[in-house]
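Heads up, the thing below is written out as structure tokens.
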Amino acid sequence: MNILKSLLLLVAFPFIGFSQMTELEVREMTLTASEQELVFECSQMMQQNFLFHAEIVVDKLLTYNPQSANYNYRKGYIVLKSRRDQKTAIPYLKVAITDVDKNYDLYSHKEKSAAIDAYYHLGTCYHLDENLTEAVKYYQMFLENSSKKSGLVELAKLNIVQCGVARQLIANPKSAIVKNIGKEVNTANPEYAPVVSLDGTSLYFTSRRVWDDKSSDDFRDPMLNNHPEDIYVSYQDFEGAWTSPEKLAFCNNETNEATIAVSSDERKIFVYQDATGGGDIYYSNFGGNKFEQLEKLEYNDVNSDSWETHCTVTPDGENVYFVSDRDGGYGGRDIYRIVKLPNGEWSKAQNMGPEINTPYDEDSPFIAVNNKTLYYSSNGPKSMGGFDVFVSFRDEDNNWSTPLNMGYPINSTGDDIFYTTTVDGLRGYLSSFRKDGYGEKDIYEIQNDYLGNSPISSLVGIIATTDGSALPDNITVKLECPSCNKDEDKLSEPRIKKGRYFSLLQRCKEYTLSFYEGEKLLKTEAFNTKCNSENEEIQKNCYIGRYTLSGTIADVETTELLPDAKVEFINPEDGSVIETFTTDSNGAFTSDFLDEAEYNDEIRFDVKVTKDNYLTQTFVVDEVLGMKSNLSLDYLITKSDVGVDIGAVFELNPIYFDVNKSDIRPDAALELDKIVQIMNENPSIKIELGSHTDCRASKSYNLSLSKRRAKSSAAYIKSRIDNPKRIYGKGYGESKLVNDCGCEGKIVSDCSEEEHQANRRTEFMIVKN
């Protein structure tokens, strides 16, 4: 379209500048403007990248002509560029390519065709969707039909090369597990730039979600209608699930803040902020239980008038790798490095060189804890599409190896960027746009078994109260290493977060770990780190508070609490009495038995309860002390009334005999020994040992067999108690069946073995107390 026509249209349709228009104003405009006017407005919006408003207008245009190649082209282009939604864009672009024109006029309301660029954008959609054959087909169609001067020509050629890389990598996948970390973190909004703490329990990330108070609504990006970037942190609970994210305190609802890096001790976070226009690197220190206000990073030669997007700091704080598009680089964005000098100042920035940087973009560097493994993303010809994550290793001569694409499925045909790992290198996180995502960008966890860091020593631990209450605010951890080289390593204070702490350790050193509540020393412990080539994770926990023990004694039938019951703690090893109590008027008792106990201690003892007119009963205590500060021992005891079956009270196992035998088997002896103990602990009771059979033999035979078994069982017990007259045996045969599985009930052959077993039983009835 010539310049005169454009000027005439600008005079004819003097609409408000797009950056000042609201969504409502754009929608109202679509109700009153003509199709010609809407085409012009949509064209201006697209050229100036106000794609959110442009989509509102093009949706209206599609109501005029749903099959218009021009309007479908606009819609597909906007959907792809604004939110990378290739699935939605493909149908529109497929309509667009049915009528393309090299002389496409974006501003003409008479234009019915689509731009040749529609082929390129359709190829991009199939590329993102991993349909590589179709992607290459449309990239080539674009190259065959487009002007050689088109800015997309070189990108199309690059994308065809990337499709070849994608084919090769998909055909030879890595042994890695990739999973979306779920909707607790990921939403329909973009989530990206994850930074995982070295211990893997904190995940800092950037999100464009609305603030809870809606105050960020007024500061949406006018071009794409996105909310401002803000930084959140999610913590893993003790089951490994990510918890609801918390927004960091320094976030401003008017500006963009994005995660870049976190120091190894999580006491400093590095942030990208665009408050100065071009975008620079800032930082915030952790103090007063929160991250403080942002300050611009003053390291020499990092921030400049150019665009600095990212940085990573080695765990020892001696090296910083950062990204800039400043002049003098190898391409778009390059990775640079500065080093702390002996005098404490920082060196001039050094480009990482052509081994790392390319004519394309390199971004999101992350240096592993071994200071030898560098991860970063690049969108050059070795990528599958968009940004892929690459890894390079530094040798003993400080030379970086040829970067390796981390392969499929870690990388995809979309942008895979911002990769960071935990201390061992076997778990990492990146942001990516994939088919299973919740929004435009999601955060994914990567598990691998071939990129481990070693040898690494680390300290992890839990600090908690024994009663589960909140930790006091004045709890601190101090770690001393007199033989460590740097002053900051000789005495450090690991940050406590959600009851956890973490610290990297130097190898082959002696440490002293101390826990304090204010000035009060709670616990101190010395330990050494390994000197060999093995990784080690040293866990040291601290639990605040003491354990208590209490209990009650009550009647099993009425649950009435019983005063004056005698309670004895018995050592199960030798039977000695550890402690004796008498329940109070409320049937309760307390003990200081656990005063010196600590978290995770194994507690084993027997509790013997005695009371007049009740059976003396013994209960086993076998506990591992955990997050409950009180060990409660509440027992129900049974009256020694006539007719009580003590076998049922004490939950004895069945007494088994061999077929047609009455000899005492070893397994039966174990149960009968329990009766011996019960009778010795209850010397006043007299017991009838009743033996019963099922009805699968004759009545006379069953009666005879039950008598023999009752006699042999009673004889076994008589020989082991002081007064043999306190027990006698009686055989009942099949005369007292407990179910209808008998001669007068169900047919015997129809009865289950469980029903027969219920009838074959031995009872120990109290006949005198």
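Naming works like this for the structure tokens: A, B, ... for the chains as they're shown, residue 1 at the start of each chain, ligands 1 onward in shown order.
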**Message:** If we count only C-alpha atoms and set the cut-off at 9 Å, which residues sit around Ile675 of chain A, ignoring sequence neighbours fewer than 4 positions away in its own chain? Please answer as a list in words.
**Reply:**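 The filter keeps Ile646, Gly647, Leu652, Glu671, Met679, Asn680, Ile717 and Phe764 of chain A.
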Once you count only C-alpha atoms, what closest atom pair and distance in Å to one decimal does each residue of segment 141-193 of chain A within 7 Å of segment 409-416 of chain A have, with rows by chain and rising residue number, as a Markdown table?
```
| residue | atom | partner | partner_atom | distance |
| --- | --- | --- | --- | --- |
| A:Ala166 | CA | A:Thr413 | CA | 7.0 |
| A:Pro173 | CA | A:Pro409 | CA | 6.3 |
| A:Lys174 | CA | A:Pro409 | CA | 6.7 |
| A:Ala176 | CA | A:Ile410 | CA | 6.9 |
| A:Val178 | CA | A:Ile410 | CA | 6.5 |
```
Keeping only all heavy atoms, write the selected residues to a file as a PDB file, in the first residue's frame.
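After the write, result20.pdb holds the following:
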```
ATOM      1  N   ALA A 166      16.106 -32.554  15.754  1.00  0.00           N
ATOM      2  CA  ALA A 166      15.000 -33.129  16.528  1.00  0.00           C
ATOM      3  C   ALA A 166      14.762 -34.588  16.145  1.00  0.00           C
ATOM      4  O   ALA A 166      14.558 -35.446  17.013  1.00  0.00           O
ATOM      5  CB  ALA A 166      13.731 -32.312  16.322  1.00  0.00           C
ATOM      6  N   PRO A 173      16.506 -41.336  22.432  1.00  0.00           N
ATOM      7  CA  PRO A 173      16.180 -40.606  23.666  1.00  0.00           C
ATOM      8  C   PRO A 173      17.149 -40.925  24.798  1.00  0.00           C
ATOM      9  O   PRO A 173      17.730 -42.009  24.868  1.00  0.00           O
ATOM     10  CB  PRO A 173      14.767 -41.093  23.997  1.00  0.00           C
ATOM     11  CG  PRO A 173      14.678 -42.435  23.355  1.00  0.00           C
ATOM     12  CD  PRO A 173      15.493 -42.351  22.095  1.00  0.00           C
ATOM     13  N   LYS A 174      17.276 -39.949  25.696  1.00  0.00           N
ATOM     14  CA  LYS A 174      18.087 -40.120  26.896  1.00  0.00           C
ATOM     15  C   LYS A 174      17.270 -40.826  27.977  1.00  0.00           C
ATOM     16  O   LYS A 174      16.040 -40.805  27.971  1.00  0.00           O
ATOM     17  CB  LYS A 174      18.549 -38.753  27.416  1.00  0.00           C
ATOM     18  CG  LYS A 174      19.464 -37.989  26.467  1.00  0.00           C
ATOM     19  CD  LYS A 174      20.842 -38.609  26.429  1.00  0.00           C
ATOM     20  CE  LYS A 174      21.799 -37.756  25.627  1.00  0.00           C
ATOM     21  NZ  LYS A 174      23.159 -38.333  25.588  1.00  0.00           N
ATOM     22  N   ALA A 176      16.081 -40.198  30.773  1.00  0.00           N
ATOM     23  CA  ALA A 176      15.665 -39.151  31.714  1.00  0.00           C
ATOM     24  C   ALA A 176      14.152 -39.188  31.853  1.00  0.00           C
ATOM     25  O   ALA A 176      13.431 -39.577  30.931  1.00  0.00           O
ATOM     26  CB  ALA A 176      16.127 -37.783  31.231  1.00  0.00           C
ATOM     27  N   VAL A 178      10.895 -36.824  32.592  1.00  0.00           N
ATOM     28  CA  VAL A 178      10.427 -35.442  32.578  1.00  0.00           C
ATOM     29  C   VAL A 178       8.974 -35.433  33.036  1.00  0.00           C
ATOM     30  O   VAL A 178       8.145 -36.169  32.490  1.00  0.00           O
ATOM     31  CB  VAL A 178      10.530 -34.832  31.163  1.00  0.00           C
ATOM     32  CG1 VAL A 178      10.015 -33.400  31.159  1.00  0.00           C
ATOM     33  CG2 VAL A 178      11.973 -34.892  30.663  1.00  0.00           C
TER      34      VAL A 178
END
```
**Prompt:** Taking only C-alpha atoms into account, which of A:Gly626, A:Ser304, A:Val620, A:Ala69 comes nearest Asp601 of chain A?
**Reply:**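 Closest to Asp601 of chain A, using only C-alpha atoms: A:Gly626.
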**Nearest-residue call for Asp473 of chain A, choices A:Ser712, A:Tyr516, A:Ser432, A:Leu451, using only C-alpha atoms** =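 Closest candidate: A:Tyr516.
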**Atomic separation - atom CA of Ser378 of chain A relative to atom CA of Ser207 of chain A, Å** = 22.2 Å
**Asked** Skipping near chain neighbours, those fewer than 3 positions away, what residues fall within 12 Å of Asn252 of chain A using only C-alpha atoms, listed as a ChimeraX atom specification?
**Response** /A:211,215-216,219,227-231,247-249,255-258,273-275,293-294
**Message:** Measuring between only C-alpha atoms, which one of A:Pro315, A:Asp397, A:Glu254, A:Asn180 shows the shortest distance to Asp217 of chain A?
**Reply:**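 Smallest distance to Asp217 of chain A is found for A:Glu254.
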**Message:** When DSSP is applied to the backbone of this structure, which of segment 260-393 of chain A are assigned strand (DSSP E)? Write them out as a ChimeraX atom specification.
**Reply:** /A:260-262,268-273,280-287,290-291,295-296,308-313,319-324,334-339,350-351,362-367,373-378,388-393
**Request:** Would you mind listing what lies within 6 Å of Ser377 of chain A as a ChimeraX atom specification, with only C-alpha atoms counted and same-chain residues fewer than 4 positions away left out?
**Result:** /A:362-363,387-390,417
**Prompt:** If we count only C-alpha atoms, what is near Leu297 of chain A at a cut-off of 7 Å, once residues fewer than 5 positions away on the same chain are taken out, given as an MDAnalysis selection string?
**Reply:** chainID A and resid 281:283
Go ahead and save the residues from that selection, with C-alpha atoms, as a PDB file, in the first residue's frame.
```
ATOM      1  CA  ILE A 281      20.378  -7.606  37.292  1.00  0.00           C
ATOM      2  CA  TYR A 282      19.431  -6.850  40.896  1.00  0.00           C
ATOM      3  CA  TYR A 283      19.766  -8.740  44.160  1.00  0.00           C
TER       4      TYR A 283
END
```
**Prompt:** Quick one, how far is atom CA of Cys251 of chain A from atom CA of Phe291 of chain A?
**Reply:**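 We find that atom CA of Cys251 of chain A and atom CA of Phe291 of chain A lie 10.0 Å from each other.
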**Request:** Tell me, as number ranges by chain, which residues lie within 12 Å of Pro563 of chain A, counting only C-alpha atoms; anything in the same chain fewer than 5 positions away does not count.
**Result:** A: 552-555, 581-589, 609-612
**Prompt:** Neighbours of Met46 of chain A within 9 Å (only C-alpha atoms; same-chain residues fewer than 6 positions away dropped), as an MDAnalysis selection string?
**Reply:** chainID A and resid 53:55 74 78
**Message:** Given only C-alpha atoms as the basis, pick out the residue of A:Ser146, A:Thr373, A:Gln162, A:Ser550 nearest to Asn399 of chain A.
**Reply:** A:Thr373
**Asked** Taking the backbone alone, and naming residues the way the document does, which bits of segment 449-618 of chain A are alpha helix (DSSP H) by DSSP, as a ChimeraX atom specification?
**Response** /A:487-490
